[in-house]
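Reading through the structure tokens given below for one structure.
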Amino acid sequence: MEDFEYDVVIVGSGVAGAIVAKTLTHANKKVLVLEAGLEAGIVLGGEQAYRTNKEYLQTFYKAMFKTPNSPYPKIKNAPSPEVLDVKPIEQKENKRHDGYYVQKGPLPFGSDNLVSGGGTTMHWLGTTLRMLPNDFKMKSTYKLGEGWSDWPISYEEMVPYYEMAENEIGVSGSVERHKLPPEIGDIFREGYVFPMTEIPQSYLDEKFMAGDEDFKVTMHDEEHKLYYCVTPQGRNSMPNMKYNIAGVEWKPKQKKLGLEPWEKKENSYEPKGSIWDRYTGQRCEGNASCVPICPVQAKYNALKTLKSAKKENLTIIPQAVAFDLMIDEETNKIQGITYKKYKTADDLGYSTHIAKGKIYVLAASAIENAKLLLASNAANSSDQVGRNLMDHLCLLTWGLFPEKVYPFRGPGSTTNISTFRDGKFREDHAAWIVPIDNWGWGWPEFSPGTDVSEAVNKGVFGKKLRKQLNEDLTRQVLLHFECEQNPDPNNRVTIDPIYKDQLDNYRPVINYNVSEYMLKAFKAAKEVSDQIFKAKGIIERTKYNSKEADYVEYKGVGYTFRGAGHIVGTHRMGDKKETSVVNMDMRTWDHDNLYLAGSGNMPTLGTSNPTLTLAALSFKASEAILKQLEK
Amino acid sequence: MSFYQDNNPNRQKLIRRSFAESAALESDKPPVLDTKPKLNAALQDALRVEHFTIPPYLCALYSIKEGTNDKAVDIIKTVVMEEMLHLIMVANLMNALGMKPEITGKSLIARYPEPIPNGAPDFIVSLLKFSKESINTFLRIEKPAKEGAKPETANFHSIGQFYEAIRESLIWLDGKGKNDNEPLFVGKPEKQVRAEDYYGGGGKLITVSNLKEAEAVLNEIVGQGEGIDGTINVDMKKGDELAHYFRFNQIFYERNYKPGDNARNPPTGTPMKVDWDSVYNMEPNPKMEKYSEYPWLLEKVKAFNITYNRLLDSIHNTCNHDRELLRKEGIPLMYQLKLQAVELMKIPSGNGNYTAGPSFEYVS
């Protein structure tokens, strides 16, 4: 195997790696995927895949804290971050370095990802919003300063790749009901529909939206209408019979990827079921545990993409942790990737191997990509590798609705308020999106478990307990204001030989803080929230505690923000070699045959969850790779 | 009931050939079902037949304790989903012909133990827990037609024969209708339940507006006898599209088929783990009358039956009035049905050796 030269070697089998692997294998390229996660986690069918999922479920059911990574194996040889390890920086050095990240502060970085076949799509919520046109040109539109950078690609150029991503993920949504402020304009092409019709909005959403046709909130002395957008999602609903895209195909003559229409008119989109049985998970069942695990895999995960790769062209090596890129000193080309193949999750002992290809793609997550580049001293002539680490900073507000709205039924969120996703205020502070959450106070308060234990501790039990829970849990509402973090070169991932994991690989060392651009947004967001709560008669229960990990104060008021799990920006793309790591094709400026895939490429984040955008970018990168291979 | 392997090209070829041959041979003389009322009655019987197997399969399925017998659960579950698909496709066929499919509890529910509607009277089907005995019954239900068996509509020995009679009737009446300028397919297209409305197993739901699509429905439901070519054509990498008979045979012998296995012999592939003991000991053929001394238990069994009757009514209304009802009403009721059935299976009954169970009786 060591002597075989593949066309392309990909590190990582998350959504980015899987899309590149699928697209290239269907264009008849020989592809090797190195996956650091366990072998059982990347079995793509049959009984073993079923059993793996069942084990995940059992672990999840038993877990004391239902965190995003709770169902999945903790692998000492290839560790994942765990949100329970995020502690205030004031704690003693050894304490705050618990877990995988080495947190240097001044604030801890609060988001995790998952090392596993399928990557973090195993636990993602499934929201598939596109970025907005202005998100791609923040610096020039809003005259923003240090750290900010426009994308080398416009929204218009991204549209076909977004459509490819929506096809691959299988998005359920409604173009007509994707409500945005009118200033933004139409973002979908004429006549476009999503592959599947929208997941029905929750009862809670309906109650929340009711009766505010004339309601306006004031921000910075300007009145704003609330626009309720039906959130597009990567989970199965009913196929939309008007959708006419069969799939994505490489056109060798035109040297581009194309969206192919159906061969026959009567064909239609077929929802992709679970990897172990295509009849399971054909529709969302409302199990309501999307994060951390959809029991029936009605929610998209990248294993589905990997499963539909052309098998004879695909080799997958699991339990293989890439740790060094071999660089040819003369040509600066990558000659090979060295990886450690471990035998069991926790036992010491591994063998070292080299994977060789014509082209290499790192798709190991924003933080792991940066780490691997830094460890190999690669692609960093701009000194931008690891910098501009970003996340959506989530300001949560919660309360009791005046009537029962029955949360905990259906997916985590089916509606968002899009009013503040764009506007002139972005010159001064961050924009945000407001998903209406559907899981009560689960996120800030661990409901419903804590509601039960607190009541029992107060001596409430039996019928009285049932009555109390029935009164309170059913009225819980939660909003979260997902604020777009500004790129800041000092928010960064570095490596340090004193911090290594069991396999002697680097742990990420993270410096992280929030700027006034964010603090101003927290203040404005809370003021908007207050007005909404007041108008709807919601009894405020929000509290921000100074002992919480990401607690900040601004103008004498305290706020706690939480990570969204959107790890972005560690190897930004740009139009200049001096200020960016990759070009618009996601090829590194420094190495002709090295591409980077994933959300690390994104120079700015916008207000949409990054998965759809990084999936779209992965198609764009695949196209560039094919072009280069077929030169 | 399916003998049809939709992923198996060889099999499909055989089915097509066989259908074509018999059509060519017999198109001149009138078939057994030579009038539309006769065909209507036969299709209504088809609904009863397709429905008949669902309660026995569900009893076996629900009796398996949560988290055990993964493969067997998977097999029975997909078979049940396919029977449901067949039921709705027969309704589509009837609607295409302008007939009125009766899917209510009143018209469909059987009194187990009972023979298959119009089937061999000596073969009695009971409601049983998951066991060798129940799987053996399922094997007999799904047993393929003997080669060269003649189409009949009463006391047929296989479902295949029965559908063959329907198919011949359709061809004949369609031809006659064309000659007489009275088209056979006069139903309203909006009554068709469509692919996007149904999911969960058995392939794609077919809508019907002409003879070709009607035959596609019958193709989907039934194939000619299994084992015509003497081998099980399984591509192990592709997985799981064996016909029902062979899937049940795998459970019975606790072994998977492997490529090249002979259809007449038991499977010889890798072992399949079957735990016959991780099963609720449901008494055979539960009945509401058996629980009359225990009003609270009777209430629960009755509540189950109400759910089951509501589910059938909902499917009836889906096929006759509003196809969206399946999603809005039918599917939630299916989840409720399972919860109520499993609850009953956990309640001791009689002298305590057995547990109660869902009785699948008609209640108004």
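In the structure tokens, chains take the letters A, B, ... in the order shown, each chain's residues start at 1, and ligands count up from 1 in the order shown.
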
Dump as a tab-separated table the rows for residues of chain A within 6 Å of chain B: closest atom pair and distance in Å with one decimal, only C-alpha atoms counted, ordered by chain and rising residue number.
```
residue	atom	partner	partner_atom	distance
A:Met238	CA	B:Glu196	CA	5.5
A:Pro239	CA	B:Glu196	CA	5.7
A:Tyr279	CA	B:Gly200	CA	4.6
```

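One finds CA of Gly565 (chain A) at 21.2 Å from CA of Lys76 (chain A).
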
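Among the residues of region 36-134 of chain B, backbone DSSP assigns strand (DSSP E or B) to Ile64, Glu114, Pro115, Gly119, Ile124 and Val125 of chain B.
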
Excluding Lys77 (chain B) and residues on its chain fewer than 3 positions from it, collect all residues at most 12 Å away from it, counting only C-alpha atoms, and give them as a JSON list (two decimals) with N, CA and C atoms, in the first residue's frame.
```
[["chain", "number", "residue", "atom", "x", "y", "z"],
["A", 277, "ASP", "N", -29.75, 0.89, 6.56],
["A", 277, "ASP", "CA", -30.98, 0.42, 5.93],
["A", 277, "ASP", "C", -31.64, 1.64, 5.28],
["A", 279, "TYR", "N", -34.42, 2.17, 4.17],
["A", 279, "TYR", "CA", -35.81, 2.46, 4.50],
["A", 279, "TYR", "C", -35.96, 3.09, 5.88],
["A", 280, "THR", "N", -34.92, 3.05, 6.66],
["A", 280, "THR", "CA", -34.97, 3.73, 7.96],
["A", 280, "THR", "C", -34.56, 5.19, 7.75],
["B", 54, "ILE", "N", -50.65, -8.54, 8.39],
["B", 54, "ILE", "CA", -50.03, -7.48, 9.18],
["B", 54, "ILE", "C", -50.15, -7.75, 10.69],
["B", 56, "PRO", "N", -50.42, -10.65, 12.45],
["B", 56, "PRO", "CA", -49.46, -11.67, 12.90],
["B", 56, "PRO", "C", -48.01, -11.19, 12.89],
["B", 57, "TYR", "N", -47.64, -10.47, 11.84],
["B", 57, "TYR", "CA", -46.26, -9.97, 11.78],
["B", 57, "TYR", "C", -46.00, -8.98, 12.91],
["B", 58, "LEU", "N", -46.99, -8.11, 13.16],
["B", 58, "LEU", "CA", -46.78, -7.11, 14.21],
["B", 58, "LEU", "C", -46.69, -7.76, 15.59],
["B", 59, "CYS", "N", -47.48, -8.81, 15.83],
["B", 59, "CYS", "CA", -47.40, -9.49, 17.14],
["B", 59, "CYS", "C", -45.99, -10.03, 17.36],
["B", 60, "ALA", "N", -45.45, -10.69, 16.33],
["B", 60, "ALA", "CA", -44.10, -11.23, 16.47],
["B", 60, "ALA", "C", -43.10, -10.09, 16.68],
["B", 61, "LEU", "N", -43.25, -9.05, 15.90],
["B", 61, "LEU", "CA", -42.31, -7.92, 15.98],
["B", 61, "LEU", "C", -42.35, -7.26, 17.35],
["B", 62, "TYR", "N", -43.55, -6.96, 17.83],
["B", 62, "TYR", "CA", -43.66, -6.22, 19.09],
["B", 62, "TYR", "C", -43.31, -7.09, 20.30],
["B", 64, "ILE", "N", -40.73, -8.93, 20.58],
["B", 64, "ILE", "CA", -39.27, -8.99, 20.77],
["B", 64, "ILE", "C", -38.84, -7.88, 21.71],
["B", 69, "ASN", "N", -32.30, -9.14, 19.20],
["B", 69, "ASN", "CA", -32.70, -9.69, 17.90],
["B", 69, "ASN", "C", -32.73, -8.63, 16.78],
["B", 70, "ASP", "N", -31.66, -7.85, 16.73],
["B", 70, "ASP", "CA", -31.62, -6.73, 15.77],
["B", 70, "ASP", "C", -32.02, -7.13, 14.36],
["B", 71, "LYS", "N", -31.39, -8.20, 13.88],
["B", 71, "LYS", "CA", -31.58, -8.56, 12.48],
["B", 71, "LYS", "C", -33.01, -9.04, 12.24],
["B", 72, "ALA", "N", -33.52, -9.85, 13.18],
["B", 72, "ALA", "CA", -34.89, -10.35, 13.02],
["B", 72, "ALA", "C", -35.87, -9.19, 13.06],
["B", 73, "VAL", "N", -35.65, -8.25, 13.96],
["B", 73, "VAL", "CA", -36.52, -7.07, 14.04],
["B", 73, "VAL", "C", -36.50, -6.34, 12.70],
["B", 74, "ASP", "N", -35.30, -6.16, 12.19],
["B", 74, "ASP", "CA", -35.14, -5.46, 10.93],
["B", 74, "ASP", "C", -35.91, -6.17, 9.82],
["B", 80, "VAL", "N", -43.29, -5.94, 7.13],
["B", 80, "VAL", "CA", -44.57, -5.29, 7.46],
["B", 80, "VAL", "C", -44.74, -4.01, 6.65],
["B", 81, "MET", "N", -43.66, -3.24, 6.56],
["B", 81, "MET", "CA", -43.75, -1.99, 5.80],
["B", 81, "MET", "C", -44.10, -2.29, 4.34],
["B", 82, "GLU", "N", -43.58, -3.39, 3.83],
["B", 82, "GLU", "CA", -43.88, -3.74, 2.43],
["B", 82, "GLU", "C", -45.34, -4.18, 2.27],
["B", 83, "GLU", "N", -45.86, -4.88, 3.27],
["B", 83, "GLU", "CA", -47.28, -5.25, 3.19],
["B", 83, "GLU", "C", -48.15, -4.00, 3.17],
["B", 84, "MET", "N", -47.77, -3.03, 3.99],
["B", 84, "MET", "CA", -48.49, -1.75, 4.01],
["B", 84, "MET", "C", -48.45, -1.08, 2.64],
["B", 200, "GLY", "N", -40.66, 4.23, 3.97],
["B", 200, "GLY", "CA", -40.34, 3.31, 5.05],
["B", 200, "GLY", "C", -40.07, 1.90, 4.59],
["B", 201, "GLY", "N", -40.33, 1.57, 3.34],
["B", 201, "GLY", "CA", -39.95, 0.23, 2.94],
["B", 201, "GLY", "C", -40.67, -0.24, 1.71],
["B", 202, "GLY", "N", -40.11, -1.29, 1.13],
["B", 202, "GLY", "CA", -40.79, -1.96, 0.05],
["B", 202, "GLY", "C", -40.67, -1.29, -1.29],
["B", 244, "HIS", "N", -39.47, -12.03, 0.79],
["B", 244, "HIS", "CA", -39.89, -12.28, 2.17],
["B", 244, "HIS", "C", -39.61, -13.71, 2.64],
["B", 247, "ARG", "N", -36.09, -14.17, 3.53],
["B", 247, "ARG", "CA", -35.71, -13.40, 4.72],
["B", 247, "ARG", "C", -36.16, -14.12, 5.99],
["B", 248, "PHE", "N", -37.39, -14.64, 5.94],
["B", 248, "PHE", "CA", -37.86, -15.40, 7.11],
["B", 248, "PHE", "C", -37.06, -16.69, 7.30],
["B", 338, "LYS", "N", -47.66, 0.92, 18.40],
["B", 338, "LYS", "CA", -46.54, 0.14, 18.92],
["B", 338, "LYS", "C", -46.44, 0.31, 20.44]]
```
